[in-house]
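Participant: Can you read through this structure? Questions will come right after.
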Amino acid sequence: MTPLQELQALADPAKAGEMAAYHKASRTYLGLTVPQIEGLTNRWRAERSLDDRLALASELWRTDIHEARIAAAKLLTQARIRPDEAAWELIVSWVPDFDGWAIADHASIAGQKRLVADPSRLDRVEGWVQSPHMWTRRAALVMTLPWTKQNFPKPQDLAVRARVLGWCATLAGDPDWFIQKAVAWWVRDLSKHDPKAAQRFIDQHGPRLKPFARKEAARHLTDRE
């Protein structure tokens with residue numbers, strides 16, 4: 001069977017209907033769980049060269065099937081891909097297609113790995129902050145989440161944090177719920193590792209966030225009190 005046929009062979013029509021109602025994006029759903037998809041993609045990744053994995057990921061993404069797009073992202077989600085420029089370019093090419101959080105998040109996790117591998121790519125991501133496409137703006141924050149998590153950041157990591165906090169400040173007044181949630185997510189995760197920086201952001205820009213986002217951003221800061 002082809003990889004797509006392997007996905008289709010696991011289809012659960014009842015679950016697919018539930019997923020279509022939940023995710024709302026108009027595409028085909030097979031009803032697979034993420035662990036089922038990962039079970040296949042782990043094997044596909046091991047069996048294929050990098051070029052073949054890139055070709056398969058591109059092919060699966062083009063089907064516009066929910067699980068196939070998640071599988072495409074999983075094929076490229078690994079810390080070490082060498083050379084990785086083609087993988088990065090493929091992930092970037094998917095960003096304009098984002099139209100829901102689930103696929104966007106799986107593809108953005110693949111993007112995180114490529115940004116950590118080469119932070120100079122942040123220059124490109126910075127332009128996404130001004131995109132008219134809401135999911136592209138959101139991807140700029142989701143793909144940079146690794147910089148919220150270091151306990152012992154190097155000076156260059158601190159520079160990235162400050163840079164992305166600037167993006168968060170730009171987006172703090174964005175009316176879209178998903179952007180508000182993404183800003184809150186970024187600041188909330190940062191607060192676990194750099195509470196002072198998170199508190200400064202909330203003090204300066206919290207009034208521009210919607211109340212739910214401001215509360216979410218400060219959730220762990222409240223826990224510390």
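Quick note on naming: the chains in the structure tokens go A, B, ... in the order shown, residues restart at 1 in each chain, and ligands are numbered from 1 in order of appearance.
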Would you list the contacts of Ala169 of chain A as a list in words, taking every protein, DNA or RNA residue within 12 Å and counting only C-alpha atoms, but skipping same-chain residues closer than 5 positions in sequence?
Facilitator: Val129, Leu141, Ala162, Arg163, Val164, Asp174, Ile179, Gln180, Ala182, Val183, Ala184, Trp186, Val187, Ala198, Arg200, Phe201, Ile202, Asp203, Gln204, His205, Gly206, Pro207, Arg208 and Leu209 of chain A
Participant: For Gln112 of chain A, please output as a PyMOL selection string all residues within 8 Å (counting only C-alpha atoms; exclusion window: fewer than 2 positions along the same chain).
Facilitator: chain A and resi 108-110+114-116+142-146
Participant: When distances are computed from only C-alpha atoms, which of A:Leu54, A:Glu67, A:Arg137, A:Glu47 shows the smallest separation from Val95 of chain A?
Facilitator: A:Arg137
Participant: Might you pull out every residue within 12 Å of Gln156 of chain A, with only C-alpha atoms counted and same-chain residues fewer than 3 positions away left off, and present them as an NGL selection string?
Facilitator: :A and (116 or 119-120 or 147 or 150 or 152-153 or 159-163)
Participant: Closest to Lys192 of chain A among A:Pro211, A:Arg219, A:Ala71, A:Gly166, using only C-alpha atoms?
Facilitator: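 Closest to Lys192 of chain A of all the choices is A:Arg219.
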Participant: Pick the closest to Gly31 of chain A from A:Ala104, A:Ala86, A:Ala11, A:Val125: which is it, counting only C-alpha atoms?
Facilitator: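 Nearest candidate to Gly31 of chain A out of A:Ala104, A:Ala86, A:Ala11, A:Val125: A:Ala11.
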Participant: Segment 63-147 of chain A near segment 13-30 of chain A within 8 Å: what's each residue's closest atom pair and its distance in Å to one decimal, counting only C-alpha atoms, ordered by chain then ascending residue number, as a tab-separated table?
Facilitator:
residue	atom	partner	partner_atom	distance
A:Asp64	CA	A:Arg27	CA	6.4
A:Ile65	CA	A:Thr28	CA	4.9
A:His66	CA	A:Tyr29	CA	5.4
A:Glu67	CA	A:Leu30	CA	6.7
A:Asp99	CA	A:Ala25	CA	6.9
A:Gly100	CA	A:Ala25	CA	6.8
A:Ala102	CA	A:His23	CA	8.0
Participant: Emit the selected residues as a compact mmCIF listing (two decimals), in the first residue's frame, including all heavy atoms.
Facilitator:
# COMPACT_ATOMS: atom_id res chain seq x y z
N ASP A 64 -4.89 17.49 1.02
CA ASP A 64 -5.81 18.27 1.85
C ASP A 64 -6.68 17.38 2.73
O ASP A 64 -7.78 17.77 3.15
CB ASP A 64 -6.69 19.21 1.00
CG ASP A 64 -7.32 20.32 1.85
OD1 ASP A 64 -6.78 20.62 2.92
OD2 ASP A 64 -8.38 20.85 1.44
N ILE A 65 -6.21 16.18 3.04
CA ILE A 65 -6.86 15.32 4.02
C ILE A 65 -6.25 15.65 5.39
O ILE A 65 -5.03 15.78 5.52
CB ILE A 65 -6.64 13.84 3.67
CG1 ILE A 65 -7.32 13.50 2.34
CG2 ILE A 65 -7.15 12.93 4.80
CD1 ILE A 65 -6.97 12.12 1.80
N HIS A 66 -7.10 15.81 6.39
CA HIS A 66 -6.64 16.25 7.71
C HIS A 66 -5.47 15.40 8.22
O HIS A 66 -4.41 15.93 8.56
CB HIS A 66 -7.83 16.17 8.69
CG HIS A 66 -7.49 16.57 10.08
ND1 HIS A 66 -7.47 17.88 10.50
CD2 HIS A 66 -7.15 15.81 11.18
CE1 HIS A 66 -7.14 17.93 11.78
NE2 HIS A 66 -6.94 16.69 12.22
N GLU A 67 -5.66 14.10 8.27
CA GLU A 67 -4.61 13.23 8.81
C GLU A 67 -3.38 13.18 7.93
O GLU A 67 -2.25 13.02 8.43
CB GLU A 67 -5.16 11.81 9.02
CG GLU A 67 -6.16 11.69 10.15
CD GLU A 67 -7.59 12.10 9.75
OE1 GLU A 67 -7.79 12.56 8.60
OE2 GLU A 67 -8.49 11.94 10.59
N ASP A 99 -5.54 26.86 8.31
CA ASP A 99 -6.90 27.36 8.48
C ASP A 99 -7.56 26.77 9.73
O ASP A 99 -8.77 26.87 9.91
CB ASP A 99 -7.76 27.06 7.25
CG ASP A 99 -7.84 25.57 6.92
OD1 ASP A 99 -7.26 24.75 7.66
OD2 ASP A 99 -8.48 25.23 5.90
N GLY A 100 -6.77 26.18 10.59
CA GLY A 100 -7.27 25.63 11.84
C GLY A 100 -6.11 25.31 12.75
O GLY A 100 -4.98 25.10 12.29
N ALA A 102 -5.24 22.71 14.67
CA ALA A 102 -4.61 21.39 14.80
C ALA A 102 -3.51 21.19 13.77
O ALA A 102 -2.35 20.89 14.11
CB ALA A 102 -5.66 20.29 14.69
Participant: Determine which residues of segment 33-194 of chain A receive a DSSP assignment of alpha helix (DSSP H), computed from the backbone, and state them as a ChimeraX atom specification.
Facilitator: /A:34-47,50-62,66-75,85-94,101-117,122-126,134-142,155-171,177-191
Participant: May I have the residues from that selection written out with C-alpha atoms, as a compact mmCIF listing (two decimals), in the first residue's frame?
Facilitator:
# COMPACT_ATOMS: atom_id res chain seq x y z
CA VAL A 34 -2.32 11.32 16.44
CA PRO A 35 -0.60 8.20 17.91
CA GLN A 36 -1.91 6.18 14.96
CA ILE A 37 -0.46 8.73 12.55
CA GLU A 38 2.85 8.79 14.42
CA GLY A 39 3.06 5.02 14.30
CA LEU A 40 3.03 5.22 10.52
CA THR A 41 5.24 8.29 10.10
CA ASN A 42 7.94 6.91 12.39
CA ARG A 43 8.25 3.93 10.10
CA TRP A 44 8.05 5.97 6.90
CA ARG A 45 10.78 8.26 8.16
CA ALA A 46 13.07 5.34 8.95
CA GLU A 47 12.48 3.71 5.56
CA LEU A 50 15.53 12.78 3.14
CA ASP A 51 14.62 13.54 -0.46
CA ASP A 52 11.99 10.81 -0.43
CA ARG A 53 10.58 12.08 2.86
CA LEU A 54 10.32 15.59 1.46
CA ALA A 55 8.55 14.30 -1.63
CA LEU A 56 6.15 12.22 0.48
CA ALA A 57 5.44 15.11 2.86
CA SER A 58 4.67 17.39 -0.08
CA GLU A 59 2.42 14.76 -1.64
CA LEU A 60 0.51 14.12 1.59
CA TRP A 61 0.00 17.84 2.22
CA ARG A 62 -1.45 18.35 -1.25
CA HIS A 66 -6.64 16.25 7.71
CA GLU A 67 -4.61 13.23 8.81
CA ALA A 68 -2.41 13.33 5.71
CA ARG A 69 -1.42 16.92 6.48
CA ILE A 70 -0.59 16.01 10.05
CA ALA A 71 1.46 13.09 8.74
CA ALA A 72 3.29 15.45 6.39
CA ALA A 73 4.25 17.63 9.34
CA LYS A 74 5.30 14.62 11.43
CA LEU A 75 7.64 13.46 8.66
CA GLU A 85 16.89 24.16 3.78
CA ALA A 86 14.46 22.21 1.59
CA ALA A 87 12.55 21.03 4.67
CA TRP A 88 12.32 24.60 5.96
CA GLU A 89 11.13 25.90 2.60
CA LEU A 90 8.48 23.19 2.41
CA ILE A 91 7.18 24.04 5.88
CA VAL A 92 7.10 27.75 5.01
CA SER A 93 5.14 26.94 1.85
CA TRP A 94 2.44 25.35 4.01
CA TRP A 101 -5.27 25.15 15.00
CA ALA A 102 -4.61 21.39 14.80
CA ILE A 103 -2.83 21.19 11.46
CA ALA A 104 -1.21 24.59 12.07
CA ASP A 105 0.22 23.45 15.40
CA HIS A 106 1.68 20.19 14.07
CA ALA A 107 3.30 22.02 11.14
CA SER A 108 4.51 24.78 13.45
CA ILE A 109 6.23 22.24 15.71
CA ALA A 110 8.13 21.05 12.64
CA GLY A 111 8.96 24.69 11.98
CA GLN A 112 10.20 25.16 15.54
CA LYS A 113 12.92 22.56 14.96
CA ARG A 114 14.15 24.36 11.85
CA LEU A 115 14.19 27.75 13.56
CA VAL A 116 16.18 26.41 16.50
CA ALA A 117 18.59 24.82 14.01
CA LEU A 122 13.63 34.49 12.29
CA ASP A 123 14.23 37.39 9.90
CA ARG A 124 11.72 35.78 7.57
CA VAL A 125 9.27 34.87 10.30
CA GLU A 126 9.23 38.45 11.55
CA MET A 134 -4.43 35.42 10.84
CA TRP A 135 -2.94 31.90 10.92
CA THR A 136 0.34 33.23 9.52
CA ARG A 137 0.51 35.85 12.28
CA ARG A 138 -0.18 33.13 14.82
CA ALA A 139 2.51 30.86 13.35
CA ALA A 140 5.14 33.51 14.10
CA LEU A 141 4.43 33.02 17.80
CA VAL A 142 3.85 29.26 17.84
CA PRO A 155 22.79 35.94 25.27
CA GLN A 156 21.58 35.18 21.75
CA ASP A 157 18.56 33.38 23.20
CA LEU A 158 17.73 36.38 25.37
CA ALA A 159 17.93 38.54 22.26
CA VAL A 160 15.42 36.29 20.52
CA ARG A 161 13.11 36.45 23.54
CA ALA A 162 13.21 40.22 23.50
CA ARG A 163 12.60 40.25 19.77
CA VAL A 164 9.56 37.97 19.94
CA LEU A 165 8.17 39.86 22.93
CA GLY A 166 8.25 42.83 20.58
CA TRP A 167 6.10 40.83 18.16
CA CYS A 168 3.77 39.98 21.04
CA ALA A 169 3.51 43.68 21.84
CA THR A 170 2.61 44.40 18.22
CA LEU A 171 -0.10 41.74 18.34
CA TRP A 177 -9.25 35.33 19.62
CA PHE A 178 -6.56 33.00 18.29
CA ILE A 179 -3.97 35.78 18.27
CA GLN A 180 -4.89 36.83 21.77
CA LYS A 181 -4.56 33.20 22.85
CA ALA A 182 -1.17 32.87 21.10
CA VAL A 183 0.21 36.00 22.80
CA ALA A 184 -1.04 34.74 26.15
CA TRP A 185 0.47 31.30 25.48
CA TRP A 186 3.87 32.81 24.67
CA VAL A 187 3.96 35.02 27.77
CA ARG A 188 2.53 32.29 30.01
CA ASP A 189 5.19 29.79 28.95
CA LEU A 190 7.90 32.42 29.37
CA SER A 191 6.68 33.16 32.89
Participant: Which value, in Å to one decimal, gives the distance between atom CA of Phe212 of chain A and atom CA of Pro195 of chain A?
Facilitator: 19.0 Å
Participant: What gap, in Å, lies between atom CA of Ala172 of chain A and atom CA of Thr148 of chain A?
Facilitator: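 Going from atom CA of Ala172 of chain A over to atom CA of Thr148 of chain A covers 17.2 Å.
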